[in-house]
>>> print(open('protein-v2.cif').read())   # mmCIF, C-alpha atoms (C1' of nucleotides)
data_run
loop_
_atom_site.label_atom_id
_atom_site.label_comp_id
_atom_site.auth_asym_id
_atom_site.auth_seq_id
_atom_site.Cartn_x
_atom_site.Cartn_y
_atom_site.Cartn_z
CA MET A 1119 -64.52 -13.60 132.64
CA HIS A 1120 -61.42 -11.80 133.70
CA ASP A 1121 -58.02 -13.05 134.58
CA LEU A 1122 -56.34 -13.34 137.92
CA ASP A 1123 -54.11 -10.46 138.77
CA GLU A 1124 -51.46 -10.04 141.43
CA THR A 1125 -53.94 -8.62 143.90
CA ASP A 1126 -56.05 -11.76 143.62
CA LEU A 1127 -53.00 -13.89 144.28
CA GLU A 1128 -52.11 -11.77 147.28
CA ILE A 1129 -55.63 -12.16 148.65
CA LEU A 1130 -55.47 -15.90 148.11
CA GLN A 1131 -52.19 -16.06 149.94
CA LEU A 1132 -53.42 -14.00 152.89
CA LEU A 1133 -56.61 -16.00 153.22
CA THR A 1134 -54.76 -19.28 152.87
CA SER A 1135 -52.57 -18.39 155.81
CA ASN A 1136 -55.64 -17.37 157.79
CA ALA A 1137 -59.08 -17.76 156.30
CA ARG A 1138 -60.64 -15.77 159.14
CA ARG A 1139 -58.47 -12.75 158.58
CA PRO A 1140 -60.68 -9.66 158.48
CA TYR A 1141 -61.28 -8.23 155.03
CA SER A 1142 -60.29 -4.86 156.38
CA ASP A 1143 -56.85 -6.27 157.21
CA ILE A 1144 -56.53 -7.68 153.73
CA ALA A 1145 -57.74 -4.40 152.29
CA ASP A 1146 -54.89 -2.59 154.06
CA ALA A 1147 -52.38 -5.16 152.88
CA VAL A 1148 -53.34 -5.00 149.21
CA GLY A 1149 -54.25 -1.33 149.07
CA LEU A 1150 -57.97 -1.64 148.45
CA SER A 1151 -61.12 -0.93 150.41
CA PRO A 1152 -62.85 -3.73 152.37
CA PRO A 1153 -65.82 -3.95 149.96
CA ALA A 1154 -63.41 -4.32 147.05
CA VAL A 1155 -61.74 -7.25 148.80
CA SER A 1156 -65.11 -8.77 149.55
CA ASP A 1157 -66.06 -8.46 145.87
CA ARG A 1158 -62.88 -10.11 144.73
CA VAL A 1159 -63.28 -12.98 147.14
CA ALA A 1160 -66.84 -13.48 145.94
CA ARG A 1161 -65.61 -13.54 142.36
CA LEU A 1162 -62.88 -16.03 143.20
CA GLN A 1163 -65.57 -18.24 144.72
CA GLU A 1164 -67.86 -17.91 141.72
CA ARG A 1165 -65.04 -18.94 139.43
CA GLY A 1166 -64.36 -21.97 141.56
CA ILE A 1167 -60.80 -20.96 142.40
CA ILE A 1168 -61.77 -20.68 146.04
CA ARG A 1169 -63.75 -23.84 146.67
CA GLY A 1170 -64.35 -22.93 150.27
CA PHE A 1171 -63.05 -21.74 153.62
CA THR A 1172 -61.99 -24.62 155.75
CA LEU A 1173 -59.86 -25.83 158.63
CA ASP A 1174 -56.45 -27.36 158.65
CA ILE A 1175 -56.99 -30.08 161.21
CA ASP A 1176 -54.51 -32.41 162.84
CA ARG A 1177 -56.53 -35.51 162.19
CA SER A 1178 -54.02 -37.73 163.90
CA GLN A 1179 -55.42 -36.34 167.14
CA LEU A 1180 -58.97 -37.18 166.16
CA ARG A 1181 -58.98 -40.37 164.29
CA LYS A 1182 -56.92 -43.30 165.37
CA GLY A 1183 -56.16 -45.97 162.86
CA THR A 1184 -53.30 -46.94 160.68
CA PRO A 1185 -52.27 -44.35 158.11
CA VAL A 1186 -51.56 -46.00 154.79
CA LEU A 1187 -51.28 -45.28 151.12
CA LEU A 1188 -53.66 -47.59 149.32
CA THR A 1189 -53.15 -48.25 145.63
CA LEU A 1190 -56.28 -49.66 144.04
CA GLU A 1191 -56.62 -51.29 140.67
CA ILE A 1192 -60.25 -50.94 139.72
CA ALA A 1193 -61.85 -53.81 137.86
CA THR A 1194 -62.81 -52.73 134.35
CA GLY A 1195 -66.49 -53.19 133.70
CA SER A 1196 -67.49 -52.65 137.31
CA GLN A 1197 -68.43 -49.20 138.55
CA ASP A 1198 -66.48 -46.40 137.04
CA VAL A 1199 -63.42 -45.08 138.78
CA SER A 1200 -64.93 -41.80 139.88
CA SER A 1201 -67.75 -43.49 141.75
CA VAL A 1202 -65.19 -45.61 143.62
CA LYS A 1203 -63.37 -42.38 144.35
CA GLU A 1204 -66.49 -40.79 145.75
CA THR A 1205 -67.20 -43.81 147.90
CA LEU A 1206 -63.70 -43.63 149.32
CA LEU A 1207 -64.01 -39.94 150.13
CA ASP A 1208 -67.38 -40.55 151.74
CA THR A 1209 -66.06 -43.14 154.17
CA GLY A 1210 -64.49 -40.42 156.26
CA ALA A 1211 -61.35 -42.50 156.65
CA VAL A 1212 -59.93 -41.24 153.37
CA GLU A 1213 -58.40 -37.81 153.12
CA ASN A 1214 -56.88 -37.76 149.65
CA VAL A 1215 -57.49 -39.67 146.47
CA PHE A 1216 -55.23 -39.35 143.46
CA THR A 1217 -56.37 -40.72 140.12
CA THR A 1218 -53.55 -41.94 137.94
CA ALA A 1219 -53.44 -41.71 134.18
CA GLU A 1220 -53.98 -45.49 134.10
CA ALA A 1221 -57.21 -45.00 136.09
CA ASP A 1222 -55.82 -46.55 139.23
CA LEU A 1223 -56.50 -44.81 142.52
CA VAL A 1224 -54.00 -43.90 145.21
CA ALA A 1225 -55.70 -43.03 148.47
CA TYR A 1226 -54.43 -41.70 151.75
CA VAL A 1227 -56.40 -43.64 154.33
CA ARG A 1228 -56.59 -43.84 158.07
CA ALA A 1229 -58.00 -47.32 158.24
CA PRO A 1230 -60.28 -47.69 161.27
CA ASP A 1231 -58.31 -50.72 162.39
CA THR A 1232 -55.07 -52.41 161.45
CA ASP A 1233 -56.85 -54.72 159.06
CA VAL A 1234 -56.83 -52.66 155.89
CA ALA A 1235 -57.85 -55.57 153.70
CA GLY A 1236 -60.85 -56.20 155.92
CA TRP A 1237 -61.80 -52.56 155.78
CA LEU A 1238 -61.60 -52.64 151.99
CA ALA A 1239 -63.73 -55.76 151.82
CA ALA A 1240 -66.33 -54.13 154.03
CA THR A 1241 -66.37 -51.01 151.88
CA PHE A 1242 -66.43 -52.49 148.37
CA SER A 1243 -67.87 -55.58 146.79
CA GLU A 1244 -65.37 -58.21 145.78
CA GLU A 1245 -65.63 -57.57 142.05
CA THR A 1246 -64.90 -53.88 142.29
CA ILE A 1247 -61.24 -54.08 143.22
CA ASP A 1248 -58.96 -56.11 140.99
CA ASP A 1249 -55.90 -55.72 143.11
CA PHE A 1250 -54.55 -53.48 145.83
CA GLU A 1251 -51.34 -52.59 147.53
CA VAL A 1252 -50.84 -51.13 151.00
CA THR A 1253 -47.92 -48.90 151.99
CA LEU A 1254 -47.58 -48.13 155.66
CA LEU A 1255 -46.96 -44.47 156.42
CA SER A 1256 -45.18 -42.77 159.26
CA GLY A 1257 -46.22 -39.26 158.31
CA ALA A 1258 -48.37 -37.11 156.06
CA ASP A 1259 -47.82 -33.42 155.43
CA TRP A 1260 -49.32 -30.86 153.20
CA SER A 1261 -48.17 -27.50 152.04
CA PRO A 1262 -49.12 -24.92 154.66
CA ASN A 1263 -48.97 -22.28 151.93
CA VAL A 1264 -47.68 -19.54 154.14
CA GLY A 1265 -45.18 -17.12 152.77
CA GLY A 1266 -43.13 -17.93 149.76
CA MET A 1267 -44.17 -17.97 146.17
CA GLU A 1268 -46.83 -20.63 146.27
CA PHE A 1269 -49.28 -18.64 144.25
CA ALA A 1270 -46.84 -17.00 141.94
CA LEU A 1271 -47.74 -17.21 138.31
CA THR A 1272 -44.98 -18.76 136.25
CA CYS A 1273 -44.17 -17.99 132.67
CA ALA A 1274 -45.41 -20.84 130.48
CA GLU A 1275 -42.42 -20.36 128.19
CA CYS A 1276 -39.39 -19.80 130.41
CA GLY A 1277 -40.66 -20.63 133.91
CA ASN A 1278 -39.74 -17.29 135.45
CA THR A 1279 -42.07 -15.57 137.86
CA VAL A 1280 -44.62 -13.36 136.19
CA ASP A 1281 -44.89 -9.87 137.59
CA SER A 1282 -47.04 -6.92 136.64
CA GLU A 1283 -45.01 -6.50 133.45
CA GLY A 1284 -46.19 -9.91 132.31
CA THR A 1285 -48.75 -10.77 129.68
CA SER A 1286 -51.32 -13.49 129.42
CA ALA A 1287 -53.13 -15.14 126.56
CA ARG A 1288 -55.92 -17.62 126.16
CA ILE A 1289 -55.00 -20.35 123.72
CA ASP A 1290 -57.56 -23.00 122.86
CA GLY A 1291 -59.50 -22.09 125.98
CA ASP A 1292 -56.57 -22.31 128.39
CA LEU A 1293 -55.08 -19.29 130.05
CA TYR A 1294 -51.30 -19.01 129.93
CA GLN A 1295 -49.11 -16.49 131.70
CA PHE A 1296 -45.93 -15.03 130.28
CA CYS A 1297 -43.21 -12.88 131.79
CA CYS A 1298 -42.74 -10.84 128.62
CA PRO A 1299 -44.18 -10.48 125.11
CA SER A 1300 -41.31 -12.33 123.50
CA CYS A 1301 -41.99 -15.40 125.63
CA GLU A 1302 -45.60 -15.20 124.59
CA THR A 1303 -44.67 -15.06 120.94
CA ARG A 1304 -42.23 -17.95 121.22
CA PHE A 1305 -44.82 -20.04 123.05
CA GLU A 1306 -47.49 -19.36 120.48
CA GLU A 1307 -45.15 -20.29 117.65
CA LYS A 1308 -44.23 -23.55 119.37
CA TYR A 1309 -47.89 -24.23 120.05
CA GLU A 1310 -48.84 -23.78 116.45
CA LEU A 1311 -46.10 -26.12 115.33
CA LEU A 1312 -47.35 -28.72 117.79
CA GLN A 1313 -50.89 -28.33 116.50
CA GLN A 1314 -49.80 -28.81 112.92
CA GLY A 1315 -47.88 -31.91 113.91
CA ALA A 1316 -50.92 -33.33 115.57
CA ASP A 1317 -53.19 -32.89 112.57
CA MET B 657 -56.26 -30.32 179.63
CA HIS B 658 -59.77 -31.46 178.83
CA ASP B 659 -60.95 -33.92 176.30
CA LEU B 660 -62.89 -33.38 173.13
CA ASP B 661 -66.61 -33.65 173.50
CA GLU B 662 -69.38 -33.84 170.96
CA THR B 663 -69.80 -30.09 170.92
CA ASP B 664 -66.16 -29.69 169.92
CA LEU B 665 -66.67 -32.14 167.09
CA GLU B 666 -69.75 -30.26 165.96
CA ILE B 667 -67.83 -26.99 165.97
CA LEU B 668 -65.03 -28.60 163.99
CA GLN B 669 -67.49 -29.86 161.45
CA LEU B 670 -69.24 -26.51 161.08
CA LEU B 671 -65.98 -24.64 160.70
CA THR B 672 -64.62 -27.19 158.27
CA SER B 673 -67.57 -26.66 155.99
CA ASN B 674 -67.13 -22.90 156.28
CA ALA B 675 -64.24 -21.49 158.28
CA ARG B 676 -65.65 -17.98 158.06
CA ARG B 677 -68.95 -18.91 159.60
CA PRO B 678 -69.74 -16.43 162.40
CA TYR B 679 -69.31 -17.76 165.91
CA SER B 680 -72.80 -16.51 166.64
CA ASP B 681 -74.14 -18.90 163.98
CA ILE B 682 -72.19 -21.75 165.46
CA ALA B 683 -73.37 -20.77 168.91
CA ASP B 684 -76.98 -21.13 167.76
CA ALA B 685 -76.25 -24.47 166.12
CA VAL B 686 -74.58 -26.02 169.15
CA GLY B 687 -76.62 -24.29 171.82
CA LEU B 688 -73.92 -22.12 173.39
CA SER B 689 -73.21 -18.43 173.56
CA PRO B 690 -70.81 -16.86 171.05
CA PRO B 691 -68.06 -16.28 173.64
CA ALA B 692 -68.25 -19.94 174.64
CA VAL B 693 -67.73 -20.97 171.03
CA SER B 694 -64.85 -18.55 170.74
CA ASP B 695 -63.28 -20.08 173.85
CA ARG B 696 -63.62 -23.59 172.53
CA VAL B 697 -62.11 -22.68 169.18
CA ALA B 698 -59.21 -21.01 170.96
CA ARG B 699 -58.67 -24.16 173.01
CA LEU B 700 -58.82 -26.35 169.91
CA GLN B 701 -56.14 -24.14 168.42
CA GLU B 702 -53.96 -24.26 171.52
CA ARG B 703 -54.16 -28.02 171.53
CA GLY B 704 -53.09 -28.13 167.91
CA ILE B 705 -56.24 -29.87 166.72
CA ILE B 706 -57.08 -26.82 164.66
CA ARG B 707 -53.80 -26.02 162.96
CA GLY B 708 -55.28 -23.08 161.14
CA PHE B 709 -58.05 -21.56 159.05
CA THR B 710 -57.35 -21.90 155.41
CA LEU B 711 -58.74 -22.04 151.89
CA ASP B 712 -59.69 -24.97 149.77
CA ILE B 713 -58.31 -23.85 146.45
CA ASP B 714 -58.65 -25.36 143.01
CA ARG B 715 -54.99 -25.20 142.22
CA SER B 716 -55.45 -26.65 138.76
CA GLN B 717 -56.76 -23.22 137.80
CA LEU B 718 -53.72 -21.48 139.20
CA ARG B 719 -50.71 -23.55 138.52
CA LYS B 720 -50.16 -25.16 135.22
CA GLY B 721 -47.82 -28.09 135.06
CA THR B 722 -48.09 -31.81 135.08
CA PRO B 723 -49.67 -33.37 138.15
CA VAL B 724 -47.74 -36.45 139.22
CA LEU B 725 -47.14 -38.69 142.16
CA LEU B 726 -43.44 -38.79 142.81
CA THR B 727 -41.99 -41.64 144.83
CA LEU B 728 -38.56 -40.78 146.14
CA GLU B 729 -36.01 -43.10 147.63
CA ILE B 730 -33.77 -40.94 149.75
CA ALA B 731 -30.07 -41.81 149.82
CA THR B 732 -29.07 -42.95 153.28
CA GLY B 733 -26.34 -40.81 154.73
CA SER B 734 -27.37 -37.70 152.87
CA GLN B 735 -29.75 -35.23 154.47
CA ASP B 736 -32.41 -36.76 156.61
CA VAL B 737 -35.79 -37.51 155.15
CA SER B 738 -37.66 -34.76 156.93
CA SER B 739 -35.41 -32.05 155.54
CA VAL B 740 -36.04 -33.37 152.05
CA LYS B 741 -39.72 -33.31 152.90
CA GLU B 742 -39.50 -29.67 153.99
CA THR B 743 -37.65 -28.73 150.84
CA LEU B 744 -40.35 -30.33 148.76
CA LEU B 745 -43.11 -28.51 150.57
CA ASP B 746 -41.23 -25.24 150.22
CA THR B 747 -40.97 -25.46 146.45
CA GLY B 748 -44.60 -24.50 146.11
CA ALA B 749 -45.13 -27.16 143.46
CA VAL B 750 -45.73 -29.84 146.08
CA GLU B 751 -49.05 -30.07 147.84
CA ASN B 752 -48.79 -33.31 149.79
CA VAL B 753 -45.92 -35.42 151.07
CA PHE B 754 -46.46 -38.84 152.59
CA THR B 755 -43.62 -40.49 154.49
CA THR B 756 -43.66 -44.26 154.28
CA ALA B 757 -42.59 -46.60 157.02
CA GLU B 758 -39.49 -47.36 154.93
CA ALA B 759 -38.63 -43.66 154.94
CA ASP B 760 -39.43 -43.17 151.31
CA LEU B 761 -41.42 -40.11 150.30
CA VAL B 762 -44.50 -39.99 148.11
CA ALA B 763 -45.26 -36.47 146.96
CA TYR B 764 -48.11 -34.95 145.01
CA VAL B 765 -46.42 -32.51 142.69
CA ARG B 766 -47.45 -30.11 139.97
CA ALA B 767 -44.16 -30.02 138.19
CA PRO B 768 -43.59 -26.59 136.63
CA ASP B 769 -42.93 -28.22 133.29
CA THR B 770 -43.31 -31.62 131.75
CA ASP B 771 -39.74 -32.53 132.62
CA VAL B 772 -40.17 -33.91 136.12
CA ALA B 773 -36.70 -35.41 136.21
CA GLY B 774 -35.23 -32.05 135.31
CA TRP B 775 -37.26 -30.35 137.99
CA LEU B 776 -36.00 -32.89 140.53
CA ALA B 777 -32.41 -32.38 139.46
CA ALA B 778 -32.81 -28.63 139.82
CA THR B 779 -34.32 -29.00 143.28
CA PHE B 780 -31.98 -31.57 144.84
CA SER B 781 -28.32 -32.42 144.51
CA GLU B 782 -27.57 -35.64 142.73
CA GLU B 783 -26.56 -37.56 145.85
CA THR B 784 -29.78 -36.86 147.72
CA ILE B 785 -32.12 -38.99 145.67
CA ASP B 786 -31.23 -42.64 145.20
CA ASP B 787 -34.06 -43.44 142.90
CA PHE B 788 -37.45 -42.06 141.91
CA GLU B 789 -40.58 -43.07 140.14
CA VAL B 790 -43.14 -40.84 138.45
CA THR B 791 -46.83 -41.68 138.14
CA LEU B 792 -48.87 -39.42 135.91
CA LEU B 793 -52.16 -38.31 137.43
CA SER B 794 -55.43 -37.33 135.87
CA GLY B 795 -57.02 -36.11 139.09
CA ALA B 796 -56.54 -35.31 142.75
CA ASP B 797 -59.32 -35.01 145.30
CA TRP B 798 -59.52 -34.54 149.00
CA SER B 799 -62.23 -35.06 151.48
CA PRO B 800 -64.40 -31.95 151.65
CA ASN B 801 -65.41 -33.02 155.15
CA VAL B 802 -68.96 -31.82 154.92
CA GLY B 803 -71.71 -33.85 156.41
CA GLY B 804 -71.27 -37.41 157.43
CA MET B 805 -69.33 -38.81 160.31
CA GLU B 806 -65.90 -37.53 159.45
CA PHE B 807 -65.21 -36.32 162.93
CA ALA B 808 -66.75 -39.12 164.86
CA LEU B 809 -64.55 -40.46 167.58
CA THR B 810 -63.96 -44.17 167.24
CA CYS B 811 -63.31 -46.57 170.06
CA ALA B 812 -59.64 -47.48 170.13
CA GLU B 813 -60.55 -50.99 171.20
CA CYS B 814 -63.54 -52.07 169.13
CA GLY B 815 -63.83 -49.36 166.48
CA ASN B 816 -67.40 -48.40 167.26
CA THR B 817 -68.47 -44.80 167.30
CA VAL B 818 -67.98 -43.12 170.63
CA ASP B 819 -70.98 -41.22 171.94
CA SER B 820 -71.53 -39.27 175.09
CA GLU B 821 -71.54 -42.51 177.08
CA GLY B 822 -67.94 -43.10 176.07
CA THR B 823 -64.80 -42.71 178.12
CA SER B 824 -61.33 -41.52 177.30
CA ALA B 825 -57.92 -42.03 178.78
CA ARG B 826 -54.47 -40.63 178.26
CA ILE B 827 -51.89 -43.38 177.98
CA ASP B 828 -48.23 -42.46 177.58
CA GLY B 829 -49.24 -38.98 176.53
CA ASP B 830 -51.70 -40.08 173.85
CA LEU B 831 -55.41 -39.60 174.20
CA TYR B 832 -57.57 -42.62 173.39
CA GLN B 833 -61.34 -42.75 173.13
CA PHE B 834 -63.45 -45.73 174.16
CA CYS B 835 -67.11 -46.51 173.68
CA CYS B 836 -67.43 -48.10 177.13
CA PRO B 837 -65.39 -48.77 180.27
CA SER B 838 -64.85 -52.43 179.40
CA CYS B 839 -63.21 -51.50 176.10
CA GLU B 840 -60.98 -49.10 178.00
CA THR B 841 -59.96 -51.82 180.43
CA ARG B 842 -59.28 -54.34 177.68
CA PHE B 843 -57.22 -51.81 175.77
CA GLU B 844 -55.16 -50.89 178.78
CA GLU B 845 -54.46 -54.52 179.53
CA LYS B 846 -53.32 -55.16 175.97
CA TYR B 847 -51.21 -52.01 176.05
CA GLU B 848 -49.42 -53.08 179.19
CA LEU B 849 -48.68 -56.48 177.72
CA LEU B 850 -47.24 -54.79 174.64
CA GLN B 851 -45.09 -52.55 176.78
CA GLN B 852 -43.72 -55.45 178.74
CA GLY B 853 -42.93 -57.26 175.50
CA ALA B 854 -41.01 -54.25 174.22
CA ASP B 855 -38.80 -53.96 177.29
"C1'" DA C 1310 -70.41 -20.62 180.51
"C1'" DA C 1311 -73.79 -16.50 180.19
"C1'" DT C 1312 -74.63 -11.59 180.05
"C1'" DG C 1313 -74.31 -6.89 178.40
"C1'" DA C 1314 -71.60 -3.05 176.79
"C1'" DA C 1315 -67.93 -1.42 173.81
"C1'" DA C 1316 -65.04 -2.12 169.92
"C1'" DG C 1317 -64.36 -3.81 165.59
"C1'" DG C 1318 -65.55 -5.81 161.06
"C1'" DA C 1319 -68.83 -6.74 157.06
"C1'" DT C 1320 -72.17 -5.21 153.89
"C1'" DT C 1321 -75.09 -2.28 151.61
"C1'" DA C 1322 -76.20 1.68 148.69
"C1'" DA C 1323 -74.95 5.73 146.19
"C1'" DG C 1324 -71.82 7.83 143.36
"C1'" DC C 1325 -67.38 8.12 140.56
"C1'" DC C 1326 -64.25 6.98 136.68
"C1'" DG D 156 -66.79 -3.16 135.51
"C1'" DG D 157 -64.62 -2.21 139.35
"C1'" DC D 158 -63.55 1.16 142.73
"C1'" DT D 159 -64.52 4.34 147.00
"C1'" DT D 160 -66.90 6.40 150.90
"C1'" DA D 161 -70.25 6.56 154.43
"C1'" DA D 162 -73.97 4.55 157.01
"C1'" DT D 163 -75.97 0.50 158.93
"C1'" DC D 164 -75.94 -3.83 160.72
"C1'" DC D 165 -73.82 -7.65 162.57
"C1'" DT D 166 -70.01 -10.03 165.12
"C1'" DT D 167 -66.49 -10.41 168.47
"C1'" DT D 168 -64.28 -9.30 172.69
"C1'" DC D 169 -63.94 -8.05 177.45
"C1'" DA D 170 -65.33 -7.42 182.06
"C1'" DT D 171 -68.44 -9.18 185.21
"C1'" DT D 172 -71.27 -12.61 187.54
#
>>> encode(input="protein-v2.cif", output="structure tokens")
Amino acid sequence: MHDLDETDLEILQLLTSNARRPYSDIADAVGLSPPAVSDRVARLQERGIIRGFTLDIDRSQLRKGTPVLLTLEIATGSQDVSSVKETLLDTGAVENVFTTAEADLVAYVRAPDTDVAGWLAATFSEETIDDFEVTLLSGADWSPNVGGMEFALTCAECGNTVDSEGTSARIDGDLYQFCCPSCETRFEEKYELLQQGAD
Amino acid sequence: MHDLDETDLEILQLLTSNARRPYSDIADAVGLSPPAVSDRVARLQERGIIRGFTLDIDRSQLRKGTPVLLTLEIATGSQDVSSVKETLLDTGAVENVFTTAEADLVAYVRAPDTDVAGWLAATFSEETIDDFEVTLLSGADWSPNVGGMEFALTCAECGNTVDSEGTSARIDGDLYQFCCPSCETRFEEKYELLQQGAD
DNA sequence: AATGAAAGGATTAAGCC
DNA sequence: GGCTTAATCCTTTCATT
């Protein structure tokens, strides 16, 4: 399995700003032939980096309801957190679910009516949710990902942007990017020290 | 300006599950000709319901860093909240920003390093942020929008699903859907009462 | 909104490095 | 393995009804 290069990032950026952009356009932009772009996109999909081509929809025009952030404390011993997460996503009223390190869930919900507690009760059995908190929202935005450095690789050591001069290394199964060999060396030394400390 | 019908919702659903699906495919699925589908998609874009065609990307494979939920209390009298929001989205490390009714911000951030406070300080001047809170995350999911009733129109009065028997009305510039004329009437009566109360 | 013709894009296969 | 070119097939667009 090979690593992402700058051309892949460029393709990602172009497709993110318009997923229906013709591959021939992209080919011109990145200096490849259309089949080469098609191949790269297929590879990005196989690797799971591109999960799919989708729409950015203004849901506020489709689904009425009160937009809220819902913090859920899941009862231990009931279903596991990820099944609650799946249930939330399946309701269709939930757009995002964040799982905290404490295994709480924070969900962005457009509750079908103003009675969020009622909606929750209708969706989950009483024992599932230990406690919940509702924060009313007046807006929800997400990164449109157009232009800018959204997909830039950053040096794991110094944080600078990684360009074609950069290096990368796989350490304990994770891929790290570096802007220069000296950053890579420093990082690896630090990493080894950390590992020794942990043993 | 015409209202959304079930065919529009079907098109939205098909494109959401694959934004590169050929219009000829969609035409077959919804029983129209390809140019008719193209027209409808163009109209959905003009109306701002489709904001764009984009990628669903597994960013965890691209951007290292610590995923956190960041709750920001914006100092009153500094910049306004929406400019802080824009700055966050522009950093490239922020994927979602929710604006609460109290004008706080809740952002989903992949901080470039483990020092979230440092990242904040580097991004905003000291006076901008009154207070902040960091919640470590172990996961972040969003609704893949495939299958199910995600795009069903719900009655603004009773919450039932709106089918082809339903009605819709534009009230004060907003479009509302109703499952039946009596729900529409009841809603309009309630709305007028509310308006009178507000004056 | 459908049709049919013309333009444009995607994909395949063969060959190259 | 990943690239290119050229040929084929499919999709989209436009003018027309």
>>> interface_residues(input="protein-v2.cif", of="chain B", to="chain D", cutoff="12 Å", atoms="only C-alpha atoms (C1' of nucleotides)", output="number ranges by chain")
B: 676-683, 689-695
>>> write_last_selection(input="protein-v2.cif", atoms="C-alpha atoms", output="JSON list (two decimals), keeping the file's coordinate frame")
[["chain", "number", "residue", "atom", "x", "y", "z"],
["B", 676, "ARG", "CA", -65.65, -17.98, 158.06],
["B", 677, "ARG", "CA", -68.95, -18.91, 159.60],
["B", 678, "PRO", "CA", -69.74, -16.43, 162.40],
["B", 679, "TYR", "CA", -69.31, -17.76, 165.91],
["B", 680, "SER", "CA", -72.80, -16.51, 166.64],
["B", 681, "ASP", "CA", -74.14, -18.90, 163.98],
["B", 682, "ILE", "CA", -72.19, -21.75, 165.46],
["B", 683, "ALA", "CA", -73.37, -20.77, 168.91],
["B", 689, "SER", "CA", -73.21, -18.43, 173.56],
["B", 690, "PRO", "CA", -70.81, -16.86, 171.05],
["B", 691, "PRO", "CA", -68.06, -16.28, 173.64],
["B", 692, "ALA", "CA", -68.25, -19.94, 174.64],
["B", 693, "VAL", "CA", -67.73, -20.97, 171.03],
["B", 694, "SER", "CA", -64.85, -18.55, 170.74],
["B", 695, "ASP", "CA", -63.28, -20.08, 173.85]]
>>> interface_residues(input="protein-v2.cif", of="chain C", to="chain B", cutoff="10 Å", atoms="all atoms listed in the file", output="list in words")
DA1310, DA1311 and DT1312 of chain C
>>> interface_residues(input="protein-v2.cif", of="chain B", to="chain A", cutoff="6 Å", atoms="all atoms listed in the file", output="VMD selection string")
chain B and resid 672 to 676 705 to 714 745 748 751 to 757 792 to 799 806
>>> atom_distance(input="protein-v2.cif", atom1="CA of Ile730 in chain B", atom2="CA of Thr784 in chain B")
6.1 Å
>>> atom_distance(input="protein-v2.cif", atom1="CA of Arg1161 in chain A", atom2="CA of Gly1149 in chain A")
18.0 Å
>>> axis_aligned_box(input="protein-v2.cif", around="range 159-171 of chain D", padding_each_side="5 Å", output="AutoDock Vina command-line options")
--center_x -70.0 --center_y -1.9 --center_z 166.1 --size_x 22.0 --size_y 27.0 --size_z 48.2
>>> atom_distance(input="protein-v2.cif", atom1="CA of Asp684 in chain B", atom2="CA of Cys835 in chain B")
27.9 Å
